[in-house]
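Peer 1: Questions regarding the structure given below will be posed in turn.
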Amino acid sequence: MFRLPSRLTVLTLGARDLPSLRRFYRGLGWEEAPGGGDDWCGFLLGGVLLALFPVDDLTAEAAPGSPRPAPGWSGVTLACNLDRREDVDAAFRAAVAAGAEAVAEPADREWGGRSAYIADPEGNRWELAWARTAHFDARGALVGFGEGQDGPPAAPGD
């Protein structure tokens with residue numbers, strides 16, 4: 001049986017005003033990950049990516065069909081990035097078997113990766129994701145995220 005890696009790689013905040021939130025975090029002196037803009041951005045914080053994403057878009061992915069804010073939906077997701085595209089499906093099945101609620105089935109995303117969403121028993125949303133631009137060290141810690149980062153080459157067809 002597939003074992004979900006014990007790693008937290010991305011904490012996504014659903015932003016109501018992403019440009020303002022982006023300016024705030026940049027104003028703290030935090031370095032923005034490559035590829036960011038006013039429609040998505042991230043900050044690598046000690047091995048975890050703090051991602052900012054429009055709350056309406058995040059709601060559409062992680063709480064499909066729910067009004068904003070949805071009951072039990074806070075606008076925040078936790079993510080576990082996986083090593084391979086096909087691991088998303090295996091991790092999703094393993095999490096549901098362990099008691100997670102299936103929120104969004106595994107799907108290829110327009111940003112080029114693959115992800116699925118589950119909810120823990122208290123409704124906290126987790127994204128199980130594969131992204132070609134996520135790079136890990138030997139411990140599984142996220143050490144780079146975004147285009148232009150050093151990392152392993154993409155597998156053929158990825």
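Chain lettering (A, B, ...) mirrors the order of the structure tokens, residue numbering begins at 1 for each chain separately, and ligand numbering begins at 1 in order of display.
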Which polymer residues have any atom within 7 Å of an atom of range 19-34 of chain A, counting only C-alpha atoms, with same-chain residues fewer than 3 positions away left out, as a ChimeraX atom specification?
Peer 2: /A:38,42-44,145-147
Peer 1: Based on the selection just made, write N, CA, C and O atoms of those residues as a compact mmCIF listing (two decimals), in the first residue's frame.
Peer 2:
```
# COMPACT_ATOMS: atom_id res chain seq x y z
N ASP A 38 0.78 38.90 -9.67
CA ASP A 38 -0.40 39.30 -8.91
C ASP A 38 -1.54 38.29 -9.02
O ASP A 38 -2.62 38.52 -8.48
N GLY A 42 4.63 33.02 -4.28
CA GLY A 42 5.04 32.18 -3.16
C GLY A 42 6.33 32.68 -2.55
O GLY A 42 7.11 33.38 -3.19
N PHE A 43 6.52 32.29 -1.30
CA PHE A 43 7.72 32.66 -0.54
C PHE A 43 8.22 31.40 0.15
O PHE A 43 7.49 30.76 0.90
N LEU A 44 9.47 31.01 -0.16
CA LEU A 44 10.06 29.82 0.44
C LEU A 44 10.50 30.17 1.85
O LEU A 44 11.34 31.04 2.06
N PHE A 145 11.31 25.88 -5.44
CA PHE A 145 10.00 25.82 -6.06
C PHE A 145 9.92 26.94 -7.08
O PHE A 145 10.09 28.09 -6.74
N GLY A 146 9.71 26.59 -8.32
CA GLY A 146 9.56 27.60 -9.35
C GLY A 146 10.51 27.37 -10.50
O GLY A 146 11.50 26.66 -10.38
N GLU A 147 10.18 27.97 -11.62
CA GLU A 147 11.01 27.87 -12.81
C GLU A 147 12.37 28.46 -12.51
O GLU A 147 12.51 29.40 -11.73
```
Peer 1: So that I can check the secondary structure, give me every residue of chain A assigned alpha helix (DSSP H) by backbone DSSP, as number ranges by chain.
Peer 2: A: 18-27, 55-62, 87-97
Peer 1: Please, could you write that set of residues out with N, CA, C and O atoms as an mmCIF file, in the first residue's frame?
Peer 2:
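And here is the file that came out, selection_37.cif:
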```
data_model
loop_
_atom_site.group_PDB
_atom_site.id
_atom_site.type_symbol
_atom_site.label_atom_id
_atom_site.label_comp_id
_atom_site.auth_asym_id
_atom_site.auth_seq_id
_atom_site.Cartn_x
_atom_site.Cartn_y
_atom_site.Cartn_z
ATOM 1 N N LEU A 18 -4.886 39.791 -3.547
ATOM 2 C CA LEU A 18 -3.549 39.207 -3.677
ATOM 3 C C LEU A 18 -2.448 40.249 -3.864
ATOM 4 O O LEU A 18 -1.403 40.141 -3.212
ATOM 5 N N PRO A 19 -2.616 41.264 -4.703
ATOM 6 C CA PRO A 19 -1.527 42.243 -4.847
ATOM 7 C C PRO A 19 -1.143 42.906 -3.519
ATOM 8 O O PRO A 19 0.051 43.080 -3.232
ATOM 9 N N SER A 20 -2.119 43.239 -2.689
ATOM 10 C CA SER A 20 -1.816 43.850 -1.388
ATOM 11 C C SER A 20 -1.109 42.869 -0.470
ATOM 12 O O SER A 20 -0.144 43.233 0.221
ATOM 13 N N LEU A 21 -1.591 41.630 -0.441
ATOM 14 C CA LEU A 21 -0.970 40.615 0.405
ATOM 15 C C LEU A 21 0.454 40.331 -0.067
ATOM 16 O O LEU A 21 1.370 40.193 0.759
ATOM 17 N N ARG A 22 0.654 40.288 -1.363
ATOM 18 C CA ARG A 22 1.992 40.081 -1.932
ATOM 19 C C ARG A 22 2.933 41.212 -1.508
ATOM 20 O O ARG A 22 4.064 40.973 -1.085
ATOM 21 N N ARG A 23 2.467 42.452 -1.605
ATOM 22 C CA ARG A 23 3.285 43.598 -1.187
ATOM 23 C C ARG A 23 3.632 43.507 0.295
ATOM 24 O O ARG A 23 4.748 43.824 0.694
ATOM 25 N N PHE A 24 2.687 43.077 1.109
ATOM 26 C CA PHE A 24 2.934 42.943 2.548
ATOM 27 C C PHE A 24 4.078 41.973 2.814
ATOM 28 O O PHE A 24 5.018 42.292 3.531
ATOM 29 N N TYR A 25 4.007 40.771 2.255
ATOM 30 C CA TYR A 25 5.052 39.770 2.510
ATOM 31 C C TYR A 25 6.398 40.188 1.919
ATOM 32 O O TYR A 25 7.436 39.965 2.526
ATOM 33 N N ARG A 26 6.366 40.824 0.762
ATOM 34 C CA ARG A 26 7.612 41.353 0.211
ATOM 35 C C ARG A 26 8.144 42.456 1.117
ATOM 36 O O ARG A 26 9.357 42.586 1.302
ATOM 37 N N GLY A 27 7.237 43.227 1.699
ATOM 38 C CA GLY A 27 7.628 44.285 2.622
ATOM 39 C C GLY A 27 8.279 43.761 3.891
ATOM 40 O O GLY A 27 9.031 44.489 4.555
ATOM 41 N N VAL A 55 -8.608 33.719 -3.519
ATOM 42 C CA VAL A 55 -9.495 32.867 -2.729
ATOM 43 C C VAL A 55 -10.604 32.246 -3.579
ATOM 44 O O VAL A 55 -10.985 31.096 -3.352
ATOM 45 N N ASP A 56 -11.126 32.971 -4.571
ATOM 46 C CA ASP A 56 -12.177 32.392 -5.412
ATOM 47 C C ASP A 56 -11.651 31.228 -6.237
ATOM 48 O O ASP A 56 -12.335 30.207 -6.394
ATOM 49 N N ASP A 57 -10.427 31.349 -6.767
ATOM 50 C CA ASP A 57 -9.828 30.262 -7.533
ATOM 51 C C ASP A 57 -9.501 29.076 -6.639
ATOM 52 O O ASP A 57 -9.697 27.916 -7.019
ATOM 53 N N LEU A 58 -9.000 29.366 -5.434
ATOM 54 C CA LEU A 58 -8.678 28.296 -4.497
ATOM 55 C C LEU A 58 -9.950 27.573 -4.053
ATOM 56 O O LEU A 58 -9.981 26.346 -3.966
ATOM 57 N N THR A 59 -11.017 28.321 -3.812
ATOM 58 C CA THR A 59 -12.299 27.720 -3.446
ATOM 59 C C THR A 59 -12.800 26.807 -4.558
ATOM 60 O O THR A 59 -13.284 25.703 -4.285
ATOM 61 N N ALA A 60 -12.644 27.231 -5.809
ATOM 62 C CA ALA A 60 -13.091 26.412 -6.937
ATOM 63 C C ALA A 60 -12.358 25.077 -6.984
ATOM 64 O O ALA A 60 -12.937 24.064 -7.364
ATOM 65 N N GLU A 61 -11.077 25.051 -6.581
ATOM 66 C CA GLU A 61 -10.303 23.806 -6.584
ATOM 67 C C GLU A 61 -10.534 22.976 -5.325
ATOM 68 O O GLU A 61 -10.725 21.767 -5.399
ATOM 69 N N ALA A 62 -10.460 23.601 -4.150
ATOM 70 C CA ALA A 62 -10.431 22.860 -2.890
ATOM 71 C C ALA A 62 -11.795 22.700 -2.225
ATOM 72 O O ALA A 62 -11.938 21.879 -1.323
ATOM 73 N N ASP A 87 2.048 9.522 -8.218
ATOM 74 C CA ASP A 87 1.905 9.420 -6.763
ATOM 75 C C ASP A 87 0.678 10.165 -6.252
ATOM 76 O O ASP A 87 0.154 9.850 -5.183
ATOM 77 N N VAL A 88 0.204 11.162 -7.009
ATOM 78 C CA VAL A 88 -0.985 11.907 -6.587
ATOM 79 C C VAL A 88 -2.172 10.966 -6.442
ATOM 80 O O VAL A 88 -2.882 10.982 -5.438
ATOM 81 N N ASP A 89 -2.371 10.104 -7.439
ATOM 82 C CA ASP A 89 -3.496 9.169 -7.413
ATOM 83 C C ASP A 89 -3.358 8.168 -6.273
ATOM 84 O O ASP A 89 -4.325 7.891 -5.557
ATOM 85 N N ALA A 90 -2.155 7.634 -6.085
ATOM 86 C CA ALA A 90 -1.925 6.658 -5.011
ATOM 87 C C ALA A 90 -2.108 7.303 -3.638
ATOM 88 O O ALA A 90 -2.712 6.711 -2.741
ATOM 89 N N ALA A 91 -1.600 8.513 -3.471
ATOM 90 C CA ALA A 91 -1.741 9.212 -2.191
ATOM 91 C C ALA A 91 -3.209 9.533 -1.901
ATOM 92 O O ALA A 91 -3.666 9.407 -0.767
ATOM 93 N N PHE A 92 -3.937 9.926 -2.928
ATOM 94 C CA PHE A 92 -5.364 10.231 -2.774
ATOM 95 C C PHE A 92 -6.112 8.993 -2.286
ATOM 96 O O PHE A 92 -6.883 9.054 -1.317
ATOM 97 N N ARG A 93 -5.879 7.855 -2.937
ATOM 98 C CA ARG A 93 -6.556 6.613 -2.538
ATOM 99 C C ARG A 93 -6.182 6.228 -1.101
ATOM 100 O O ARG A 93 -7.049 5.822 -0.322
ATOM 101 N N ALA A 94 -4.905 6.363 -0.752
ATOM 102 C CA ALA A 94 -4.452 6.006 0.595
ATOM 103 C C ALA A 94 -5.078 6.916 1.640
ATOM 104 O O ALA A 94 -5.483 6.447 2.723
ATOM 105 N N ALA A 95 -5.166 8.203 1.362
ATOM 106 C CA ALA A 95 -5.751 9.139 2.323
ATOM 107 C C ALA A 95 -7.240 8.862 2.529
ATOM 108 O O ALA A 95 -7.729 8.868 3.665
ATOM 109 N N VAL A 96 -7.961 8.607 1.445
ATOM 110 C CA VAL A 96 -9.391 8.297 1.555
ATOM 111 C C VAL A 96 -9.576 6.994 2.325
ATOM 112 O O VAL A 96 -10.449 6.893 3.190
ATOM 113 N N ALA A 97 -8.718 6.019 2.074
ATOM 114 C CA ALA A 97 -8.796 4.752 2.810
ATOM 115 C C ALA A 97 -8.542 4.949 4.299
ATOM 116 O O ALA A 97 -9.080 4.214 5.123
#
```
Peer 1: Go through A:Leu4, A:Leu45, A:Ala100, A:Ala51 and flag the residue nearest Glu122 in chain A, using only C-alpha atoms for the distances.
Peer 2: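 Of A:Leu4, A:Leu45, A:Ala100, A:Ala51, the one nearest Glu122 in chain A, counting only C-alpha atoms, is A:Ala100.
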Peer 1: When DSSP is applied to the backbone of this structure, which of range 1-150 of chain A are assigned strand (DSSP E)? Write them out as a VMD selection string.
Peer 2: chain A and resid 10 to 15 41 to 45 48 to 54 76 to 81 101 to 108 114 to 119 125 to 130 134 to 136 142 to 145
Peer 1: Which distance in Å separates CA of Leu78 in chain A and CA of Ala131 in chain A, to one decimal?
Peer 2: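 So the two atoms, CA of Leu78 in chain A and CA of Ala131 in chain A, lie 14.9 Å apart.
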Peer 1: Go through A:Ala63, A:Val143, A:Leu50, A:Ala104 and flag the residue nearest Thr12 in chain A, using only C-alpha atoms for the distances.
Peer 2: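 The shortest atom-to-atom distance to Thr12 in chain A comes from A:Leu50.
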Peer 1: Closest to Thr133 in chain A among A:Asp108, A:Gly99, A:Pro54, A:Leu82, using only C-alpha atoms?
Peer 2: A:Leu82
Peer 1: Tell me which of A:Leu52, A:Gly75, A:Cys80, A:Gly37 sits closest to Ala141 in chain A, counting only C-alpha atoms.
Peer 2: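 Of A:Leu52, A:Gly75, A:Cys80, A:Gly37, the one nearest Ala141 in chain A, counting only C-alpha atoms, is A:Cys80.
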Peer 1: Using only C-alpha atoms, can you tell me which of A:Val76, A:Glu105, A:Leu49, A:Trp111 comes closest to Pro64 in chain A?
Peer 2: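 Closest to Pro64 in chain A of all the choices is A:Glu105.
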